[in-house]
Each structure stands twice: as structure tokens, then as C-alpha cells.
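Colleague: Sharing a structure below in C-alpha cells format, with a few things to ask.
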Amino acid sequence: MDDNSWFFLCVLVFGFLMCNQPHHTFALDTISIDDSLTGDQTIISRGGVFELGFFKSSKSQNHYYIGIWYEKIPVQTIVWVANRNEPILDPSSSKLTLLDGNLVLLHNLSNIPMWSTHIASNSLNTPQVVLGDDGNLVLRDGSNPSVTIWQTFDYPTDTWLPGGKLRFNKKTNQSQKLTSWRNLEDPAMGFYNVVSDSRHKGNIQFLIYWNNSKLSWDSGEWDEKSNTFLLAPELKLDFNVIYSYISNVDESYFTYSLYNNSIMSGQIKKFVRSKGMKKWNLDWVQPEQLCDVYGTCGPFGNCNQDTQKCECLPGFVPRSSEDWSQQDSTAQECKSACQDTCSCNAYAFDSRCQLWDGDIVNFKSIASSNRAREVFYLRSEATEGRLIGFKGVLTRFLKYNLNTNMFDDSERKGDTHELQIFNFACLSNATNNFSLKNKLGEGGFGPVYKGKLQNEQEIAVKRLSKSSGQGIEKFKNEVLLISKLQHRNLVKLLGCCTEGEENMLIYEYMPKKSLDAFLFDARRKAQLDWDTRFNIIGGVARGLLYLHRDSRLRIIHRDLKVSNILLDENMTPKMSDFGMARIFGGDQIITNTNRVVGTFGYMSPEYIMGGTFSEKSDVFSFGVLILEIVSSKRNHSFDNPEQPSTSCKYKSNYSSTWRLWNEGKWSEVVDEALGNLYSPLEVIKCIHIGLLCVQNRAMDRPNMAEVDLMLVSETDRPAPKEPPYTFPTSSYKPRSSNNITFTAVEGR
């Protein structure tokens, strides 16, 4: 190593610099079969660069660790720790020794290992451990020193020393990583990791993760021509330092000369120390500012470099996927590449084409400078003239000047929405040309198909039937309404397609399909244990409360039923089908309609009789849904199954439920498939709430805030009044009470 200058790249320097403690050198650089280190004994590398021994991490606690540090630096700089998660209390009664071919840290002079190299039994004739001047501790065969059995360079902690390799194993798809200290005095594994990886965007780069999952910073792709990273050109070293990237069939890795890696608060830092200096000097750090942290402002957010504050792009409000790139020779080809990719949301062209897939993350404006003008194009949708049947939605791009932080809106011809526009060819390919094998079901709107996009994302495509009478109105309503809603218990609308005569809605795919597919199937309902049913009830209640009170818009769903409750892989309920939903103004409580639409059995009496609907109409539907979930019985039934459309009398199951509840026979309401495997208190609570929700008068029903409170806590609940009615279906005519027959249900 050059005596004039030393370097290390420091990432997460949690507890690097320790107070020097006196140590006794046990041997020069080697631990042999009959040797061991204990107390203040150490070994020092042959050139006197590194030292190995016990060190104390905290001034306040007697916690000791085996570690490696720079020997010549007055302030102890730890570069590797063995027992980082298993501290010992007394180094004088512990020892580091060779045992059965392994390097082992034994506690209290016993045979209880606190740490070990964990090498399988081998036939080493003369095992020995050697500390090198590069800081690498090597377990080898003394009779054949070229054979390395184990080395610390393969198991770095938070520091990457000169000559070490940060690997990506192509066979196992695993990255070797550096992990921060827990804090300044605790070398236990912390929350930040540095890896070299090629899976994030396709090309090798450095990534910093928080908690092993959240991306905090990336270096940009490795550019072999400039021998540095595209987003971190400062990493190009001087002083004739070698910085190399190697790739073969088994692995790819970076290696450095006179360079070192570690982590502090998710930052990667470059330190320099010249001969004679007593401390390391910070030479470079990334991410240096807020705007340098990957995705710090979230989806469609812009980080202003001048103010270091987050702001929304024009047309978006506060509420993330990745950017990716490909080579195109001209700006027009770059634009066409984005237009032809149904998941592309934006592009930019400078010397190369960059495409952004999904949400726009890591967007930041350029500080005022003399740099050439750069333009970012955000995909949007515009209306051209008057829309007829919601046709004519065009894909266009809003130009965003990175230097001026302004959108060029001269091309704007209509309102923008936060929805992705899919083309027909893309959806046809995703659904295997809308094949029957991909068909999930069909409703009044039209058929629904399962699809898979080019990025492997699974989707559900709702295709408007050309024969659907009110379909185009429902289509427009659902697009304009649900695109404004975000809640874990509402199905997510990804985008739409309006091409020619085609009108389609694209949703996230729900692998478990709808609740009724389980609830009313004698075989599949066994998968709905009581905990699952209770969680579904709670999830739907929270989703409905969000629509009524917590969303930006006050929404009345108007078609809440079990077939409109979709289930994800974890059986989490998500409300769907907002084609009949209505928006209420801030002070609006109730409204009327001349056309009553909905599903028989879920509609409230005031809606059927007078076309009046409100939050309490949804509450009524929710009550029906609760009782169906508890009983696994459909609410509606007919007393003449042979001719249900002409002369039968409609009967509601909530009427019989109310009768059993009145007689104290609530257990007879519960689905027999549950046996006795349910919570009686929770079942009683759900039946009680369900009956409160289906009361005849809207004013007697609780609102969803009260329902949610009753579900999650033990509060006083009033006695439910008798639910509404039965009537002949042949005489059903909305807003004409003379044509509706009411039949009182007497308790027995």
C-alpha cells in the first residue's frame, strides 16, 4: 500500500471511530493451531497496517467484540467485526482460537462458541489464520498457503477494503452486501445496506437500501467508457487509483485499489488520509442533499434542487415504480417507443432515450445553471372537442423544461387525469386476444378478462359490451370517479382504453376473484373461516367509511353487494364496480333519481319507493352483506321458485334473521360450515350491527363511522327495529308505492 495516501469509501459509518485502547501484540500476523488470542492480545499484519483483537464499542457498556482496525491511526477505525450481534462481557475469559479446522470465538474459556467461521469438517494438515496488509483475514492450510478456506473479504460487515470484491452471484441471484452498524456505539447489524446489483434497472450499479427493501439511493448504471457511474461521476477516482468492474459467467463484481466502502445514515462517503495526518478527511459524499435520495418525493413528485423541497408536478396533488432506459437514435424514435409501450408514462431524450415505466419516481428539477435546455415529456390524456360516448381520448405528452421547472402547456386541449392510457393492441396481446380461457366473468357492463402486461404485471380488463344500454355512462362515471380514489379496500383502477368502438377499464388483478364465489359455494366456503369473514366485514366497512367521509370526494356507491367485493391473495376485500356511484357535495345529505338502478335484495326501501338515496342507502346494503357473510345465505328468496318472475312473492332473509335474533336463537343464523369454530361475541356483534343497518327508516340506521366504531370496540348498541318488507316482484315499479305490496313478518 502507498505510504503517501490512503483512501476508503465509507457507507454507514456507525461506530467506526473508537477510542484507542492499549493492546499487547501476541504474534506478528498469524494464529496457529496451538495459539489463541485473549484479553488485550492482538496480531498485526506483516507491514503493520492492520491489527486484529478484542475492542470495546461503548463507553457506557462492557461489550467487547473481535474486530480488525487500522494499526497506525490514533483514532481506532474498525473495518470488520466478527461477533457483531453477540457481544461478550469479559475478553480476559474469552479466546479466539482454532478448533476443528475453524476459527472460533469461545466464551468463558469453555467450548461454547460465540462466533465461528462455520466451515464444514476438512482435512487441513496445519490450519492457520493470517492477517494481511490488505485487511483480509485468511484461514488457510499452512502446508499449502495458496489454498484459502475462508476469508473476511467474502464476509464484509460495513466496510469495503482495498482489494475486496462486492459481488453479484449470477447463479444464485444473490448480492454480497455491506450492512451498517446499529448506531455509533453498537456494531450490530443496522438498517442500511449497500449492494452491487443488476436487477434494479438491468445494468450493474450501486444501490443503498433501508431495511433491506426500500431503495434510498442508486449510483446509476456503470459506464465502461468513462469508467464511472452515470449518476455519481464523482466516484471516478484520481491519484492513479484503480477502479474495476469484472463480469463472467458465474459472477460480476467491483473491486478497488486504495478504496474502502461503509455507510452512515444511508450515505456513501469518500475519505482521504495522507501520510502524517492523524485523521480521515471527508472528500466526497452521496446522497449529499434531499434531492439526491432516490424517490424521496414519491410518485409524480418533483424535488426542487434550489429549495431542496418536494412539490407535485402540475396537475397532481400530494398523496412509486422505476425509470428505465433504452437506446434510440432520435427524439422521434424515443417518443414512438414510449407510445408503443402501453406501460410507458414518460420519456426524455438527450444523448439517449429514457423511458419511465409506471409511476414517475426520482424526478428532480435542475438548479439554475448554464446547462443546455433539457425536456421531460409526461404522458397524459386530452379531450379534443366534444366527446361523444367518451370516444376521442388521445395520448399526448406534456413538455416539462427541467431548467425552468415549468410545463409547456401550449398543446393542452383538455383536462388531464392520473390514469394510464392503454392501446387496444397491448390489451389484446395481454389477454391472448380476449380468449375464453382468459375470461373471468361477465356482468351488465360486459365481460372481464385476465391479462398480463409486458412487465409481467397481472391485470383485469373490463370490456364494455356494445349491447350494454347504460354502459357508456357507467364507463365514463367509473373512469372519472374511481381514478380519484385511493384506499387499500378499494380495487385500484390502473387505466382505460378508448380506441375506435372499444371502451375498456384496466384494474389490478384480484387472484381470489369475488366474495360470492366463496360464500355461496358449498365446497369453497370452507376456506372462509370466521376470522377471515370478520376481517372482510371490517375491511368493507373501512372502505365504505372512506367513500362517505374520508376521501377527497363524498361517494355513494349504490351497488354494494358480495359479487362486487373482490379478494386479493391475502383475502383482503376490495370494493369494485363504481359505475353507478354518485358524488355528493360538501353539505349534500340526500338526493333523488328518476331511474332506480341496483341489485334486488340490496336496495333500501326509500330508494325503491321514491328513488331517494344517501349514505344510509349504502349502509342498508352493507347490513345485507354482513348477514350474508355470517350465514352464507343469499338475502333474496322466492316462495314460488317455478315462476319467480311472474307470481312469486319476494322474501328477505334479514326478516328471518330478525325473528331468530328476537327469540334468542342467533346461533341458528351462523353458517353451519363454521361448526363451533367462531367467536360468539363477534358473531353476535355482527348480527346486531347487520340488523341495525337494515332497519326500515334511514334515520334509524347508524352511519359508517358508527358502524366502524361498533366493529372495533365494545360500545352500547341500540336494539334493532323490525326490518322492512316482502313484496311481489311482478308489481315492482320504482316511485309508485301503489304498485308495491308490503307484508309484515310476525315473530313466532
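For the C-alpha cells, the naming scheme is as follows: chains receive sequential letters (A, B, ...) according to their order of presentation, residues are indexed from 1 within each chain, and ligands are indexed from 1 in presentation order.
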Give me the residues within 7 Å of segment 557-562 of chain A as an mmCIF file with N, CA, C and O atoms, in the first residue's frame, counting only C-alpha atoms and dropping any in the same chain fewer than 6 places off.
Modeller:
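Once everything was written out, this is selection.cif:
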```
data_model
loop_
_atom_site.group_PDB
_atom_site.id
_atom_site.type_symbol
_atom_site.label_atom_id
_atom_site.label_comp_id
_atom_site.auth_asym_id
_atom_site.auth_seq_id
_atom_site.Cartn_x
_atom_site.Cartn_y
_atom_site.Cartn_z
ATOM 1 N N LEU A 515 -66.178 -12.286 -3.645
ATOM 2 C CA LEU A 515 -66.579 -12.933 -2.399
ATOM 3 C C LEU A 515 -67.679 -13.952 -2.605
ATOM 4 O O LEU A 515 -67.694 -15.007 -1.949
ATOM 5 N N ASP A 516 -68.618 -13.685 -3.523
ATOM 6 C CA ASP A 516 -69.732 -14.624 -3.704
ATOM 7 C C ASP A 516 -69.266 -15.971 -4.237
ATOM 8 O O ASP A 516 -69.925 -16.989 -4.027
ATOM 9 N N PHE A 578 -67.842 0.857 -9.710
ATOM 10 C CA PHE A 578 -68.320 2.179 -9.330
ATOM 11 C C PHE A 578 -69.117 2.841 -10.458
ATOM 12 O O PHE A 578 -69.244 4.064 -10.505
ATOM 13 N N MET A 580 -72.250 2.944 -10.978
ATOM 14 C CA MET A 580 -73.487 3.607 -10.547
ATOM 15 C C MET A 580 -73.266 4.557 -9.370
ATOM 16 O O MET A 580 -74.221 5.095 -8.812
ATOM 17 N N ALA A 581 -72.023 4.729 -8.971
ATOM 18 C CA ALA A 581 -71.732 5.584 -7.823
ATOM 19 C C ALA A 581 -72.035 7.047 -8.138
ATOM 20 O O ALA A 581 -72.019 7.463 -9.292
ATOM 21 N N ARG A 582 -72.307 7.819 -7.100
ATOM 22 C CA ARG A 582 -72.613 9.228 -7.261
ATOM 23 C C ARG A 582 -71.789 10.060 -6.276
ATOM 24 O O ARG A 582 -71.539 9.642 -5.146
ATOM 25 N N GLY A 598 -79.837 -0.822 -9.569
ATOM 26 C CA GLY A 598 -79.173 -1.521 -8.479
ATOM 27 C C GLY A 598 -79.514 -2.991 -8.515
ATOM 28 O O GLY A 598 -80.070 -3.500 -9.489
ATOM 29 N N THR A 599 -79.192 -3.676 -7.440
ATOM 30 C CA THR A 599 -79.406 -5.120 -7.375
ATOM 31 C C THR A 599 -80.487 -5.431 -6.359
ATOM 32 O O THR A 599 -80.409 -4.996 -5.203
ATOM 33 N N TYR A 602 -80.548 -5.770 -2.207
ATOM 34 C CA TYR A 602 -79.597 -4.903 -1.521
ATOM 35 C C TYR A 602 -80.085 -3.453 -1.448
ATOM 36 O O TYR A 602 -79.478 -2.639 -0.776
ATOM 37 N N ASP A 618 -76.335 3.049 1.246
ATOM 38 C CA ASP A 618 -75.179 2.145 1.272
ATOM 39 C C ASP A 618 -75.123 1.377 2.590
ATOM 40 O O ASP A 618 -74.723 0.205 2.616
ATOM 41 N N SER A 621 -77.327 -1.609 2.342
ATOM 42 C CA SER A 621 -76.686 -2.663 1.547
ATOM 43 C C SER A 621 -75.597 -3.357 2.357
ATOM 44 O O SER A 621 -75.424 -4.581 2.276
ATOM 45 N N PHE A 622 -74.853 -2.575 3.151
ATOM 46 C CA PHE A 622 -73.800 -3.152 3.986
ATOM 47 C C PHE A 622 -74.386 -4.101 5.024
ATOM 48 O O PHE A 622 -73.821 -5.160 5.316
ATOM 49 N N LEU A 625 -75.113 -7.307 3.397
ATOM 50 C CA LEU A 625 -73.854 -8.007 3.132
ATOM 51 C C LEU A 625 -73.322 -8.682 4.397
ATOM 52 O O LEU A 625 -72.848 -9.826 4.357
#
```
Colleague: Write out as a ChimeraX atom specification which residues come within 12 Å of Pro87 of chain A when counting only C-alpha atoms, dropping same-chain ones fewer than 2 positions away.
Modeller: /A:54-58,61-67,81-85,89-91,94,105-107,113-115,186-188
Colleague: Could you pull out all residues of segment 442-520 of chain A with a DSSP call of helix (DSSP H, G or I) and give them as a PyMOL selection string?
Modeller: chain A and resi 471-482+516-519
Colleague: Next, dump the selected residues to file, keeping only all heavy atoms, as a short mmCIF file (atom, residue, chain, number, x, y, z; two decimals), in the first residue's frame.
Modeller:
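Below you can see result.cif, which holds the result:
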```cif
data_model
loop_
_atom_site.label_atom_id
_atom_site.label_comp_id
_atom_site.auth_asym_id
_atom_site.auth_seq_id
_atom_site.Cartn_x
_atom_site.Cartn_y
_atom_site.Cartn_z
N GLY A 471 -74.14 1.30 -20.58
CA GLY A 471 -72.73 1.00 -20.39
C GLY A 471 -71.80 2.18 -20.53
O GLY A 471 -70.91 2.38 -19.71
N ILE A 472 -72.01 3.01 -21.57
CA ILE A 472 -71.08 4.10 -21.81
C ILE A 472 -71.13 5.13 -20.70
O ILE A 472 -70.12 5.71 -20.31
CB ILE A 472 -71.34 4.75 -23.19
CG1 ILE A 472 -70.10 5.55 -23.63
CG2 ILE A 472 -72.57 5.62 -23.17
CD1 ILE A 472 -68.92 4.68 -23.92
N GLU A 473 -72.32 5.35 -20.12
CA GLU A 473 -72.45 6.28 -19.00
C GLU A 473 -71.74 5.74 -17.77
O GLU A 473 -71.05 6.46 -17.06
CB GLU A 473 -73.93 6.54 -18.70
CG GLU A 473 -74.13 7.54 -17.56
CD GLU A 473 -75.60 7.76 -17.27
OE1 GLU A 473 -76.44 7.44 -18.14
OE2 GLU A 473 -75.90 8.26 -16.18
N LYS A 474 -71.91 4.43 -17.51
CA LYS A 474 -71.24 3.81 -16.38
C LYS A 474 -69.73 3.83 -16.57
O LYS A 474 -68.96 4.02 -15.62
CB LYS A 474 -71.73 2.37 -16.20
CG LYS A 474 -73.17 2.26 -15.75
CD LYS A 474 -73.61 0.80 -15.63
CE LYS A 474 -72.86 0.07 -14.56
NZ LYS A 474 -73.32 -1.33 -14.39
N PHE A 475 -69.30 3.64 -17.83
CA PHE A 475 -67.88 3.66 -18.15
C PHE A 475 -67.28 5.03 -17.81
O PHE A 475 -66.27 5.13 -17.12
CB PHE A 475 -67.68 3.34 -19.63
CG PHE A 475 -66.26 3.43 -20.10
CD1 PHE A 475 -65.40 2.35 -19.96
CD2 PHE A 475 -65.78 4.58 -20.69
CE1 PHE A 475 -64.09 2.43 -20.38
CE2 PHE A 475 -64.47 4.67 -21.14
CZ PHE A 475 -63.63 3.59 -20.98
N LYS A 476 -67.92 6.10 -18.29
CA LYS A 476 -67.42 7.44 -18.02
C LYS A 476 -67.41 7.72 -16.51
O LYS A 476 -66.46 8.28 -15.97
CB LYS A 476 -68.31 8.47 -18.72
CG LYS A 476 -68.15 8.50 -20.23
CD LYS A 476 -68.86 9.70 -20.84
CE LYS A 476 -70.37 9.61 -20.68
NZ LYS A 476 -71.06 10.75 -21.33
N ASN A 477 -68.49 7.30 -15.84
CA ASN A 477 -68.60 7.57 -14.41
C ASN A 477 -67.49 6.87 -13.64
O ASN A 477 -66.87 7.45 -12.75
CB ASN A 477 -69.97 7.09 -13.92
CG ASN A 477 -70.28 7.59 -12.52
OD1 ASN A 477 -70.43 8.77 -12.30
ND2 ASN A 477 -70.37 6.67 -11.57
N GLU A 478 -67.23 5.62 -14.00
CA GLU A 478 -66.22 4.86 -13.27
C GLU A 478 -64.83 5.41 -13.51
O GLU A 478 -64.02 5.50 -12.59
CB GLU A 478 -66.29 3.38 -13.69
CG GLU A 478 -65.53 2.46 -12.77
CD GLU A 478 -66.13 1.07 -12.70
OE1 GLU A 478 -67.19 0.82 -13.31
OE2 GLU A 478 -65.53 0.23 -12.03
N VAL A 479 -64.53 5.79 -14.76
CA VAL A 479 -63.22 6.35 -15.08
C VAL A 479 -62.99 7.64 -14.31
O VAL A 479 -61.95 7.84 -13.67
CB VAL A 479 -63.09 6.61 -16.60
CG1 VAL A 479 -61.86 7.46 -16.89
CG2 VAL A 479 -62.98 5.29 -17.35
N LEU A 480 -63.95 8.55 -14.36
CA LEU A 480 -63.77 9.87 -13.77
C LEU A 480 -63.82 9.85 -12.25
O LEU A 480 -63.29 10.73 -11.59
CB LEU A 480 -64.83 10.84 -14.31
CG LEU A 480 -64.76 11.10 -15.81
CD1 LEU A 480 -65.93 11.98 -16.25
CD2 LEU A 480 -63.44 11.76 -16.19
N LEU A 481 -64.46 8.81 -11.68
CA LEU A 481 -64.65 8.78 -10.24
C LEU A 481 -63.56 7.97 -9.53
O LEU A 481 -62.87 8.50 -8.65
CB LEU A 481 -66.03 8.23 -9.91
CG LEU A 481 -66.51 8.33 -8.46
CD1 LEU A 481 -68.02 8.44 -8.43
CD2 LEU A 481 -66.07 7.13 -7.65
N ILE A 482 -63.40 6.74 -9.91
CA ILE A 482 -62.51 5.88 -9.13
C ILE A 482 -61.05 6.25 -9.32
O ILE A 482 -60.20 5.93 -8.50
CB ILE A 482 -62.74 4.38 -9.47
CG1 ILE A 482 -62.11 3.50 -8.38
CG2 ILE A 482 -62.18 4.05 -10.83
CD1 ILE A 482 -62.41 2.04 -8.53
N ASP A 516 -68.62 -13.69 -3.52
CA ASP A 516 -69.73 -14.62 -3.70
C ASP A 516 -69.27 -15.97 -4.24
O ASP A 516 -69.92 -16.99 -4.03
CB ASP A 516 -70.80 -14.03 -4.62
CG ASP A 516 -70.29 -13.75 -6.02
OD1 ASP A 516 -69.08 -13.49 -6.17
OD2 ASP A 516 -71.10 -13.79 -6.97
N ALA A 517 -68.09 -15.99 -4.94
CA ALA A 517 -67.56 -17.25 -5.45
C ALA A 517 -67.18 -18.20 -4.31
O ALA A 517 -67.14 -19.42 -4.49
CB ALA A 517 -66.34 -16.99 -6.34
N PHE A 518 -66.92 -17.64 -3.12
CA PHE A 518 -66.62 -18.46 -1.94
C PHE A 518 -67.86 -18.65 -1.09
O PHE A 518 -68.18 -19.76 -0.67
CB PHE A 518 -65.53 -17.78 -1.09
CG PHE A 518 -64.16 -17.84 -1.67
CD1 PHE A 518 -63.73 -16.85 -2.54
CD2 PHE A 518 -63.29 -18.86 -1.35
CE1 PHE A 518 -62.46 -16.89 -3.08
CE2 PHE A 518 -62.02 -18.92 -1.88
CZ PHE A 518 -61.60 -17.93 -2.76
N LEU A 519 -68.56 -17.55 -0.85
CA LEU A 519 -69.61 -17.54 0.16
C LEU A 519 -70.77 -18.46 -0.16
O LEU A 519 -71.33 -19.12 0.73
CB LEU A 519 -70.12 -16.10 0.32
CG LEU A 519 -70.82 -15.74 1.62
CD1 LEU A 519 -69.91 -15.98 2.82
CD2 LEU A 519 -71.26 -14.27 1.58
#
```
Colleague: Leu230 of chain A: which residues within 7 Å, counting only C-alpha atoms, same-chain residues fewer than 3 positions away excluded, as a list in words?
Modeller: Ser219, Gly220, Glu221, Trp222, Asp223 and Pro233 of chain A
Colleague: List as number ranges by chain the protein and nucleic acid residues near segment 206-211 of chain A, meaning an atom at most 6 Å away when only C-alpha atoms are counted, but skip any in the same chain fewer than 3 places from it.
Modeller: A: 191-196, 214-219
Colleague: So that I can see what lies close to Asp133 of chain A, please list as a list in words the residues with an atom at most 6 Å from it, counting only C-alpha atoms and leaving out residues fewer than 4 positions away in the same chain.
Modeller: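 Listing them by chain and then by number gives Ser45, Gly47 and Val49 of chain A.
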Colleague: Of the residues A:Thr657, A:Thr255, A:Asn438, A:Ser713, which is the one nearest to Val694 of chain A, using only C-alpha atoms?
Modeller: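 Among the listed residues, the smallest separation from Val694 of chain A belongs to A:Thr657.
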Colleague: Expressed in Å to a single decimal, how great is the separation between atom CA of Leu440 of chain A and atom CA of Leu544 of chain A?
Modeller: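 Answer for the atom CA of Leu440 of chain A to atom CA of Leu544 of chain A separation: 25.1 Å.
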Colleague: When you count only C-alpha atoms, which of these residues is closest to Lys492 of chain A: A:Ile43, A:Val448, A:Leu178, A:Met575?
Modeller: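 Ranked by minimum distance to Lys492 of chain A, first place goes to A:Met575.
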Colleague: Residues near Leu313 of chain A, anyone? I mean within 8 Å using only C-alpha atoms, not counting same-chain ones fewer than 4 positions away, as an MDAnalysis selection string.
Modeller: chainID A and resid 300:302
Colleague: For the selection just defined, write its residues with C-alpha atoms to a file, as a PDB file, in the first residue's frame.
Modeller:
```
ATOM      1  CA  PHE A 300     -45.087  12.114  -9.721  1.00  0.00           C
ATOM      2  CA  GLY A 301     -43.265  14.365  -7.255  1.00  0.00           C
ATOM      3  CA  ASN A 302     -40.542  16.841  -8.171  1.00  0.00           C
TER       4      ASN A 302
END
```
Colleague: Rounded to one decimal place, report the atom CA of Leu485 of chain A-atom CA of Cys686 of chain A distance in Å.
Modeller: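 For atom CA of Leu485 of chain A relative to atom CA of Cys686 of chain A, the distance reads 27.3 Å.
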Colleague: What is the distance between atom CA of Ile31 of chain A and atom CA of Ser180 of chain A, in Å to one decimal?
Modeller: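 Atom CA of Ile31 of chain A sits 28.2 Å away from atom CA of Ser180 of chain A.
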Colleague: As a ChimeraX atom specification, please: all residues of segment 62-118 of chain A that backbone DSSP puts in strand (DSSP E or B).
Modeller: /A:64-70,76-81,88,95-99,102-107,112-116
Colleague: Between A:Asp154, A:Glu456, A:Asp577, A:Glu628, which is the closest to Gly601 of chain A once you count only C-alpha atoms?
Modeller: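 Nearest to Gly601 of chain A: A:Glu628.
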Colleague: With only C-alpha atoms as the basis for distance, which of A:Arg379, A:Leu464, A:Phe50, A:Leu98 is at the shortest distance from Gln76 of chain A?
Modeller: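 Of A:Arg379, A:Leu464, A:Phe50, A:Leu98, the one nearest Gln76 of chain A, counting only C-alpha atoms, is A:Phe50.
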Colleague: Hey, what's within 10 Å of segment 430-436 of chain A if we count only C-alpha atoms and toss same-chain stuff fewer than 3 positions away? As an MDAnalysis selection string, please?
Modeller: chainID A and resid 424:427 439:441 447:454 456:461 463
